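Trainee: Contents of coords_37.tsv (TSV, C-alpha atoms) are given next:
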chain	number	residue	atom	x	y	z
A	853	MET	CA	99.63	71.06	98.99
A	854	LYS	CA	101.73	68.39	100.69
A	855	LYS	CA	104.57	68.53	98.29
A	856	SER	CA	107.28	67.68	100.77
A	857	LYS	CA	105.76	64.47	102.11
A	858	ASP	CA	107.14	62.02	99.60
A	859	PRO	CA	110.68	63.24	98.93
A	860	PHE	CA	111.64	62.84	102.57
A	861	GLU	CA	110.27	59.34	102.65
A	862	ILE	CA	112.13	58.53	99.52
A	863	ALA	CA	115.27	60.03	100.97
A	864	PHE	CA	114.94	57.95	104.10
A	865	GLU	CA	114.47	54.78	102.12
A	866	GLU	CA	117.56	55.61	100.20
A	867	GLN	CA	119.47	56.16	103.37
A	868	ASP	CA	118.84	52.54	104.16
A	869	GLU	CA	120.70	51.44	101.07
A	870	SER	CA	123.57	53.86	101.25
A	871	PRO	CA	125.55	54.20	104.47
A	872	PRO	CA	123.95	56.90	106.59
A	873	GLU	CA	127.35	58.18	107.57
A	874	SER	CA	126.56	61.14	105.47
A	875	PRO	CA	129.40	63.62	105.56
A	876	THR	CA	128.80	67.30	105.91
A	877	GLY	CA	131.27	67.86	103.13
A	878	PRO	CA	131.89	66.02	99.89
A	879	ASP	CA	135.46	65.18	100.90
A	880	GLU	CA	134.44	62.63	103.45
A	881	ASN	CA	133.21	60.25	100.83
A	882	GLU	CA	135.91	57.79	101.84
A	883	ALA	CA	133.87	56.89	104.88
A	884	GLN	CA	131.29	55.31	102.62
A	885	THR	CA	133.61	52.90	100.85
A	886	PRO	CA	134.22	50.47	103.76
A	887	LEU	CA	130.72	49.13	103.27
A	888	THR	CA	131.62	47.75	99.87
A	889	LEU	CA	134.92	46.21	100.99
A	890	ASP	CA	135.15	42.69	102.33
A	891	VAL	CA	135.68	42.26	106.03
A	892	SER	CA	139.36	41.55	105.66
A	893	GLY	CA	141.30	43.29	108.37
A	894	ASP	CA	140.58	44.33	111.89
A	895	ASP	CA	140.63	47.96	110.85
A	896	ASP	CA	137.55	47.48	108.76
A	897	ILE	CA	135.53	45.84	111.47
A	898	SER	CA	134.88	49.03	113.36
A	899	ASN	CA	134.08	50.77	110.10
A	900	ASN	CA	131.75	48.01	109.05
A	901	LEU	CA	130.00	47.86	112.37
A	902	ARG	CA	129.09	51.49	112.40
A	903	PRO	CA	127.21	51.50	109.09
A	904	THR	CA	125.13	48.50	110.10
A	905	ASP	CA	124.00	49.93	113.39
A	906	PRO	CA	122.48	53.11	112.01
A	907	SER	CA	120.73	51.12	109.31
A	908	THR	CA	118.94	48.93	111.84
A	909	SER	CA	118.16	51.88	114.00
A	910	ALA	CA	117.08	53.74	110.91
A	911	ALA	CA	114.73	50.90	110.06
A	912	ALA	CA	113.38	50.93	113.58
A	913	SER	CA	112.97	54.63	113.74
A	914	ILE	CA	111.68	55.18	110.25
A	915	PRO	CA	108.04	55.36	111.39
A	916	VAL	CA	109.08	58.13	113.74
A	917	GLY	CA	111.44	59.58	111.19
A	918	THR	CA	108.86	59.95	108.48
A	919	ALA	CA	106.34	61.33	110.89
A	920	GLY	CA	108.85	63.89	111.98
A	921	PRO	CA	109.94	65.45	108.72
A	922	THR	CA	106.54	65.31	107.11
A	923	GLY	CA	105.05	67.09	110.06
A	924	LYS	CA	107.86	69.51	110.39
A	925	SER	CA	108.48	70.24	106.76
A	926	LYS	CA	106.25	73.29	106.59
A	927	GLU	CA	106.96	74.33	110.15
A	928	GLU	CA	110.63	73.85	109.45
A	929	ASP	CA	110.55	76.31	106.66
A	930	GLU	CA	108.66	78.81	108.71
A	931	GLU	CA	110.26	78.64	112.10
A	932	GLU	CA	113.30	76.56	112.65
A	933	GLU	CA	115.60	77.81	109.93
A	934	GLU	CA	116.91	80.59	112.09
A	935	GLU	CA	120.15	78.76	112.74
A	936	ASN	CA	121.31	79.90	109.38
A	937	MET	CA	122.86	82.93	111.03
A	938	ASP	CA	125.60	83.22	113.60
A	939	VAL	CA	123.72	81.26	116.26
A	940	GLU	CA	124.98	77.79	117.09
A	941	LEU	CA	122.96	74.72	116.36
A	942	GLY	CA	122.45	73.74	119.97
A	943	LYS	CA	120.83	76.97	121.01
A	944	LEU	CA	117.25	76.64	119.82
A	945	PRO	CA	115.40	79.95	119.63
A	946	SER	CA	112.95	80.55	122.42
A	947	SER	CA	110.85	83.00	120.47
A	948	GLY	CA	108.37	80.31	119.36
A	949	ASP	CA	105.94	78.54	121.65
A	950	PRO	CA	107.52	76.35	124.27
A	951	ASP	CA	105.26	73.60	122.92
A	952	LYS	CA	106.77	73.72	119.50
A	953	THR	CA	110.31	73.75	120.81
A	954	ALA	CA	109.48	70.85	123.10
A	955	ILE	CA	108.09	68.89	120.17
A	956	MET	CA	111.18	69.72	118.17
A	957	GLN	CA	113.38	68.51	120.99
A	958	THR	CA	111.62	65.16	121.14
A	959	ILE	CA	111.86	64.75	117.39
A	960	LEU	CA	115.51	65.72	117.31
A	961	SER	CA	116.42	63.38	120.12
A	962	GLN	CA	115.14	60.44	118.08
A	963	PHE	CA	117.01	61.25	114.94
A	964	THR	CA	119.44	58.74	113.53
A	965	GLU	CA	122.92	59.80	112.55
A	966	GLY	CA	121.96	60.15	108.93
A	967	GLN	CA	118.89	62.17	109.69
A	968	MET	CA	120.81	64.39	112.08
A	969	SER	CA	123.52	64.97	109.53
A	970	ARG	CA	121.01	65.91	106.87
A	971	TYR	CA	119.15	68.16	109.27
A	972	GLU	CA	122.39	69.83	110.22
A	973	SER	CA	123.16	70.49	106.56
A	974	PHE	CA	119.66	71.83	106.13
A	975	ARG	CA	120.03	74.26	108.99
A	976	ARG	CA	123.56	75.40	108.43
A	977	SER	CA	123.68	75.66	104.68
A	978	GLY	CA	123.13	78.98	103.07
A	979	PHE	CA	124.40	81.30	100.42
A	980	GLN	CA	127.50	83.24	101.25
A	981	LYS	CA	126.52	86.79	101.97
A	982	SER	CA	129.48	88.16	100.03
A	983	ASN	CA	128.66	86.16	96.92
A	984	MET	CA	125.01	87.07	97.07
A	985	LYS	CA	125.85	90.71	97.60
A	986	ARG	CA	128.14	90.64	94.59
A	987	LEU	CA	125.44	89.03	92.48
A	988	LEU	CA	122.84	91.57	93.59
A	989	THR	CA	125.19	94.44	92.89
A	990	SER	CA	125.87	93.15	89.42
A	991	ILE	CA	122.16	92.72	88.71
A	992	THR	CA	120.98	96.05	90.01
A	993	GLY	CA	123.98	98.00	88.81
A	994	SER	CA	123.82	100.14	91.93
A	995	ALA	CA	126.51	99.84	94.54
A	996	LYS	CA	124.35	100.05	97.63
A	997	ILE	CA	122.88	96.74	98.62
A	998	SER	CA	121.82	96.76	102.25
A	999	MET	CA	122.52	93.82	104.49
A	1000	PRO	CA	118.85	93.06	105.21
A	1001	MET	CA	118.22	92.90	101.49
A	1002	THR	CA	121.00	90.35	101.07
A	1003	ILE	CA	119.61	88.36	103.94
A	1004	VAL	CA	116.10	88.39	102.50
A	1005	VAL	CA	117.20	87.37	99.03
A	1006	SER	CA	119.42	84.61	100.42
A	1007	GLY	CA	116.49	83.29	102.43
A	1008	ILE	CA	114.17	83.37	99.44
A	1009	ALA	CA	116.76	81.67	97.26
A	1010	LYS	CA	117.37	78.94	99.80
A	1011	MET	CA	113.68	78.14	100.05
A	1012	PHE	CA	113.50	78.14	96.28
A	1013	VAL	CA	116.29	75.56	96.15
A	1014	GLY	CA	114.31	73.54	98.66
A	1015	GLU	CA	111.24	73.62	96.45
A	1016	LEU	CA	113.34	72.58	93.47
A	1017	VAL	CA	114.96	69.65	95.24
A	1018	GLU	CA	111.70	68.44	96.75
A	1019	THR	CA	109.87	68.65	93.44
A	1020	ALA	CA	112.76	66.84	91.76
A	1021	ARG	CA	112.46	64.07	94.33
A	1022	ILE	CA	108.73	63.81	93.60
A	1023	VAL	CA	109.55	63.52	89.91
A	1024	MET	CA	112.01	60.75	90.68
A	1025	ALA	CA	109.43	58.94	92.76
A	1026	GLU	CA	106.97	59.05	89.89
A	1027	ARG	CA	109.56	57.69	87.52
A	1028	LYS	CA	110.58	55.13	90.14
A	1029	GLU	CA	114.22	56.09	90.00
A	1030	SER	CA	116.70	56.38	92.80
A	1031	GLY	CA	120.11	57.79	93.48
A	1032	PRO	CA	121.34	61.33	93.14
A	1033	ILE	CA	119.15	63.83	91.40
A	1034	ARG	CA	119.93	64.12	87.73
A	1035	PRO	CA	119.58	67.23	85.56
A	1036	CYS	CA	116.58	65.77	83.75
A	1037	HIS	CA	114.68	65.55	87.05
A	1038	MET	CA	115.70	69.06	87.90
A	1039	ARG	CA	114.51	70.42	84.58
A	1040	GLU	CA	111.18	68.68	84.98
A	1041	ALA	CA	110.91	70.09	88.51
A	1042	TYR	CA	111.65	73.56	87.18
A	1043	ARG	CA	109.01	73.14	84.51
A	1044	ARG	CA	106.43	72.11	87.10
A	1045	LEU	CA	107.26	75.04	89.35
A	1046	LYS	CA	106.84	77.30	86.36
A	1047	LEU	CA	103.39	75.87	85.74
A	1048	GLU	CA	102.53	76.47	89.37
A	1049	GLY	CA	103.54	80.08	88.96
A	1050	LYS	CA	106.31	80.05	91.53
A	1051	ILE	CA	108.88	81.39	89.12
A	1052	PRO	CA	108.77	85.11	88.39
A	1053	LYS	CA	108.05	85.54	84.73
A	1054	ARG	CA	110.06	87.79	82.55
A	1055	SER	CA	108.02	90.47	80.91
A	1056	VAL	CA	110.86	91.06	78.47
A	1057	PRO	CA	112.33	88.01	76.74
A	1058	ARG	CA	115.93	87.28	77.61
A	1059	LEU	CA	118.39	88.17	74.87
A	1060	PHE	CA	122.11	87.54	74.58
A	1061	ARG	CA	122.28	84.83	77.15
B	681	MET	CA	135.50	87.91	61.64
B	682	ASN	CA	138.94	87.56	60.11
B	683	ASN	CA	140.93	87.34	63.29
B	684	PRO	CA	138.80	85.93	66.09
B	685	THR	CA	141.80	86.07	68.44
B	686	SER	CA	141.85	89.86	68.45
B	687	ARG	CA	138.13	90.02	69.18
B	688	TRP	CA	138.55	87.57	72.02
B	689	ARG	CA	141.44	89.51	73.45
B	690	ALA	CA	139.48	92.75	73.22
B	691	GLY	CA	136.61	91.21	75.18
B	692	ALA	CA	138.94	89.96	77.87
B	693	SER	CA	140.62	93.31	78.39
B	694	GLN	CA	137.33	95.02	79.22
B	695	PRO	CA	136.57	95.19	82.94
B	696	SER	CA	133.58	93.16	84.06
B	697	GLU	CA	131.19	96.03	84.46
B	698	SER	CA	127.91	94.17	84.72
B	699	SER	CA	126.38	90.80	85.11
B	700	PHE	CA	127.38	88.97	81.97
B	701	LYS	CA	130.88	88.00	83.04
B	702	ARG	CA	129.70	85.50	85.61
B	703	LYS	CA	132.04	82.84	86.87
B	704	ARG	CA	130.73	79.34	87.11
B	705	GLY	CA	130.51	77.58	90.41
B	706	VAL	CA	130.17	80.67	92.57
B	707	PHE	CA	127.62	78.95	94.78
B	708	GLN	CA	128.79	75.45	94.16
B	709	LYS	CA	130.00	74.57	97.65
B	710	ASP	CA	127.00	76.11	99.37
B	711	LEU	CA	124.60	74.47	96.96
B	712	GLN	CA	126.02	71.02	97.59
B	713	HIS	CA	125.33	71.24	101.30
B	714	MET	CA	121.97	72.84	100.67
B	715	MET	CA	120.79	70.20	98.24
B	716	TYR	CA	121.86	67.46	100.61
B	717	GLY	CA	119.96	69.14	103.40
B	718	PHE	CA	116.82	69.31	101.27
B	719	GLY	CA	116.88	65.67	100.25
B	720	ASP	CA	119.46	65.04	97.59
B	721	ASP	CA	122.34	62.60	97.78
B	722	PRO	CA	125.19	63.42	100.15
B	723	ASN	CA	127.22	64.04	97.02
B	724	PRO	CA	125.00	65.67	94.42
B	725	LEU	CA	125.99	65.32	90.79
B	726	PRO	CA	128.12	68.24	89.59
B	727	GLU	CA	125.94	68.79	86.56
B	728	THR	CA	122.87	68.98	88.76
B	729	VAL	CA	124.58	71.50	91.01
B	730	ALA	CA	125.57	73.58	88.01
B	731	LEU	CA	122.03	73.47	86.69
B	732	VAL	CA	120.58	74.50	90.06
B	733	GLU	CA	123.05	77.34	90.22
B	734	ASP	CA	121.94	78.57	86.82
B	735	ILE	CA	118.30	78.28	87.80
B	736	VAL	CA	118.86	80.13	91.07
B	737	VAL	CA	120.82	82.94	89.46
B	738	GLU	CA	118.11	83.36	86.85
B	739	TYR	CA	115.46	83.29	89.58
B	740	VAL	CA	117.24	85.93	91.63
B	741	THR	CA	117.81	88.04	88.52
B	742	ASP	CA	114.16	87.97	87.53
B	743	LEU	CA	113.13	88.60	91.12
B	744	VAL	CA	115.37	91.66	91.35
B	745	HIS	CA	114.15	92.98	88.01
B	746	LYS	CA	110.56	92.66	89.16
B	747	ALA	CA	111.40	94.35	92.44
B	748	GLN	CA	113.05	97.16	90.56
B	749	ASP	CA	109.90	97.60	88.50
B	750	THR	CA	107.83	98.21	91.61
B	751	ALA	CA	110.59	100.25	93.23
B	752	SER	CA	111.06	102.53	90.24
B	753	LYS	CA	107.96	104.48	91.22
B	754	ARG	CA	109.48	105.23	94.58
B	755	GLY	CA	113.06	105.59	93.44
B	756	LYS	CA	115.21	103.41	95.65
B	757	LEU	CA	115.18	99.65	95.85
B	758	LEU	CA	114.11	98.61	99.32
B	759	THR	CA	113.74	95.36	101.16
B	760	GLU	CA	109.99	95.93	101.24
B	761	ASP	CA	109.89	95.51	97.47
B	762	PHE	CA	111.04	91.94	97.81
B	763	LEU	CA	108.55	91.29	100.57
B	764	PHE	CA	105.82	92.66	98.35
B	765	LEU	CA	106.84	90.30	95.57
B	766	ILE	CA	106.63	87.17	97.69
B	767	ARG	CA	103.49	88.21	99.54
B	768	LYS	CA	101.51	85.37	97.92
B	769	ASP	CA	104.01	82.73	99.01
B	770	VAL	CA	103.22	82.41	102.69
B	771	PRO	CA	106.14	80.20	103.84
B	772	LYS	CA	108.66	82.45	102.15
B	773	LEU	CA	107.06	85.57	103.54
B	774	ASN	CA	107.03	84.18	107.07
B	775	ARG	CA	110.60	83.06	106.76
B	776	CYS	CA	111.74	86.47	105.54
B	777	THR	CA	109.97	88.38	108.28
B	778	GLU	CA	111.50	85.98	110.76
B	779	LEU	CA	114.98	86.49	109.33
B	780	LEU	CA	114.57	90.25	109.44
B	781	SER	CA	113.36	90.29	113.03
B	782	MET	CA	116.20	87.99	114.04
B	783	ASN	CA	118.64	90.32	112.33
B	784	GLU	CA	117.23	93.18	114.36
B	785	GLU	CA	117.54	91.17	117.56
B	786	LEU	CA	121.16	90.35	116.84
B	787	LYS	CA	121.89	94.00	116.08
B	788	GLN	CA	120.35	95.08	119.37
B	789	ALA	CA	122.25	92.37	121.20
B	790	ARG	CA	125.53	93.47	119.67
B	791	LYS	CA	124.83	97.08	120.52
B	792	ALA	CA	123.99	96.16	124.09
B	793	PHE	CA	127.18	94.13	124.25
B	794	GLU	CA	129.26	97.09	123.18
B	795	VAL	CA	127.53	99.33	125.70
B	796	ASP	CA	128.32	96.83	128.45
B	797	GLU	CA	131.93	96.75	127.41
B	798	GLU	CA	132.12	100.51	127.62
B	799	LYS	CA	130.61	100.42	131.07
B	800	LEU	CA	133.14	97.85	132.21
B	801	ALA	CA	135.96	99.91	130.76
B	802	SER	CA	134.74	103.06	132.51
B	803	ILE	CA	134.50	101.27	135.88
B	804	ASP	CA	138.17	100.37	135.72
As structure tokens, what does this structure read like?
Mentor:
Amino acid sequence: MKKSKDPFEIAFEEQDESPPESPTGPDENEAQTPLTLDVSGDDDISNNLRPTDPSTSAAASIPVGTAGPTGKSKEEDEEEEEENMDVELGKLPSSGDPDKTAIMQTILSQFTEGQMSRYESFRRSGFQKSNMKRLLTSITGSAKISMPMTIVVSGIAKMFVGELVETARIVMAERKESGPIRPCHMREAYRRLKLEGKIPKRSVPRLFR
Amino acid sequence: MNNPTSRWRAGASQPSESSFKRKRGVFQKDLQHMMYGFGDDPNPLPETVALVEDIVVEYVTDLVHKAQDTASKRGKLLTEDFLFLIRKDVPKLNRCTELLSMNEELKQARKAFEVDEEKLASID
């Protein structure tokens, strides 16, 4: 089931249109606006040059780029998400084969800025342990939630978000829409995941929402 | 019915004992980065993030309830109950076992680090 093939391709095509200077946080949105301004002052020249370079290199490296994520999407989920914990991004784990890490190194070295930024977000993002622990405590009602349990649930939830976003991107591709994911896509993605049986079903209907 | 203000005030004075007093946007910041990492826009729409948060909380809730169902025979809720639930989903299962083994490794490493520090302190 190659469900993650298309959304990455779509995402890369979109990165061509929007400036790949993708910030790690939503505050750095100002970096994107220089593209729409006219080349008026000297200050803007350096800003305008940078967005154009990654786009050409993105166009050149897109054949490699799409080969990379599509190949690594499943492996990514399985192996390379370890950086979610306290380990830095540069220190790749040596517990896998040396072949796989070597392949990863070659792929990573050819990433564009945009791809690298997205990959970094993918690796580093995660649910706050404290928030997840609080949520689990409130659900179970018991006070003792072990740390491994929090870690496991956070990992499961993160992969679930990944499935949602990827399915939503597939939905958008079918409807030939672009841009940020809208709630209608997300609801359709959720419905499809439900049909696939990936959502745990409630044996008791939910009351008093 | 006659004075809705008193009813509202009464509800607010109660301590939040269980899940239903959930604040919105608990996972908002994390979810924004996560959705970008998985393929969304660098700035996902706030309504989409809110919807994903609701979906995820409901997913975790149902997951925990199911785990509690299997754990009730044993008594305590254990991590193994979650692993049993996702046994059919191979990527998730692999990822969880990987996370758990990495957690163990880090624990051992930290313990070894403390032992080394003690040794250094005793040498002096």
Trainee: At a cut-off of 7 Å, which residues of chain B touch chain A? Count all atoms listed in the file and give the answer as a PyMOL selection string.
Mentor: chain B and resi 698-699+707+710+713-725+727-728+731+736+739+741-743+759+771-772+774-776+779-780
Trainee: Would you mind reading off the distance between atom CA of A:Ile1022 and atom CA of A:Ala1041, one decimal, in Å?
Mentor: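 The value is 8.4 Å.
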Trainee: Got a sec to check which residues sit within 12 Å of (112.1, 100.6, 97.4), counting all atoms listed in the file, and write them as a ChimeraX atom specification?
Mentor: /A:997-998,1001 /B:744,746-765
Trainee: Any idea what the distance is between atom CA of A:Arg1043 and atom CA of A:Glu1026?
Mentor: 15.2 Å
Trainee: Record the distance separating atom CA of A:Ala995 and atom CA of B:Arg704, expressed in Å with one decimal.
Mentor: 22.2 Å
Trainee: How would stretch 741-786 of chain B of the given structure read as a file with C-alpha atoms, as a short mmCIF file (atom, residue, chain, number, x, y, z; two decimals), in the first residue's frame?
Mentor:
data_model
loop_
_atom_site.label_atom_id
_atom_site.label_comp_id
_atom_site.auth_asym_id
_atom_site.auth_seq_id
_atom_site.Cartn_x
_atom_site.Cartn_y
_atom_site.Cartn_z
CA THR B 741 -8.79 8.16 24.18
CA ASP B 742 -10.24 5.24 22.26
CA LEU B 743 -6.86 3.55 22.19
CA VAL B 744 -6.49 3.85 25.95
CA HIS B 745 -10.02 2.60 26.55
CA LYS B 746 -9.34 -0.44 24.40
CA ALA B 747 -6.07 -1.05 26.19
CA GLN B 748 -7.85 -0.83 29.50
CA ASP B 749 -10.32 -3.43 28.31
CA THR B 750 -7.55 -5.93 27.69
CA ALA B 751 -5.68 -4.87 30.81
CA SER B 752 -8.69 -5.22 33.08
CA LYS B 753 -8.22 -8.99 33.14
CA ARG B 754 -4.73 -8.54 34.48
CA GLY B 755 -5.40 -5.54 36.65
CA LYS B 756 -2.82 -2.91 35.83
CA LEU B 757 -2.44 -1.04 32.58
CA LEU B 758 0.90 -1.89 31.06
CA THR B 759 2.83 -0.79 28.02
CA GLU B 760 2.39 -4.28 26.59
CA ASP B 761 -1.35 -3.62 26.28
CA PHE B 762 -0.68 -0.87 23.79
CA LEU B 763 1.76 -3.02 21.88
CA PHE B 764 -0.87 -5.73 21.72
CA LEU B 765 -3.37 -3.27 20.29
CA ILE B 766 -1.15 -2.14 17.44
CA ARG B 767 0.22 -5.60 16.67
CA LYS B 768 -1.51 -5.60 13.26
CA ASP B 769 0.03 -2.27 12.25
CA VAL B 770 3.58 -3.29 11.47
CA PRO B 771 5.22 0.16 11.05
CA LYS B 772 3.77 1.37 14.32
CA LEU B 773 4.78 -1.77 16.13
CA ASN B 774 8.34 -1.58 14.83
CA ARG B 775 8.56 2.06 15.72
CA CYS B 776 7.33 1.45 19.27
CA THR B 777 9.72 -1.40 19.92
CA GLU B 778 12.50 0.78 18.58
CA LEU B 779 11.52 3.67 20.85
CA LEU B 780 11.39 1.38 23.85
CA SER B 781 14.78 -0.17 23.17
CA MET B 782 16.27 3.28 22.63
CA ASN B 783 14.79 4.39 25.93
CA GLU B 784 16.47 1.44 27.61
CA GLU B 785 19.77 2.30 25.95
CA LEU B 786 19.58 5.88 27.13
#
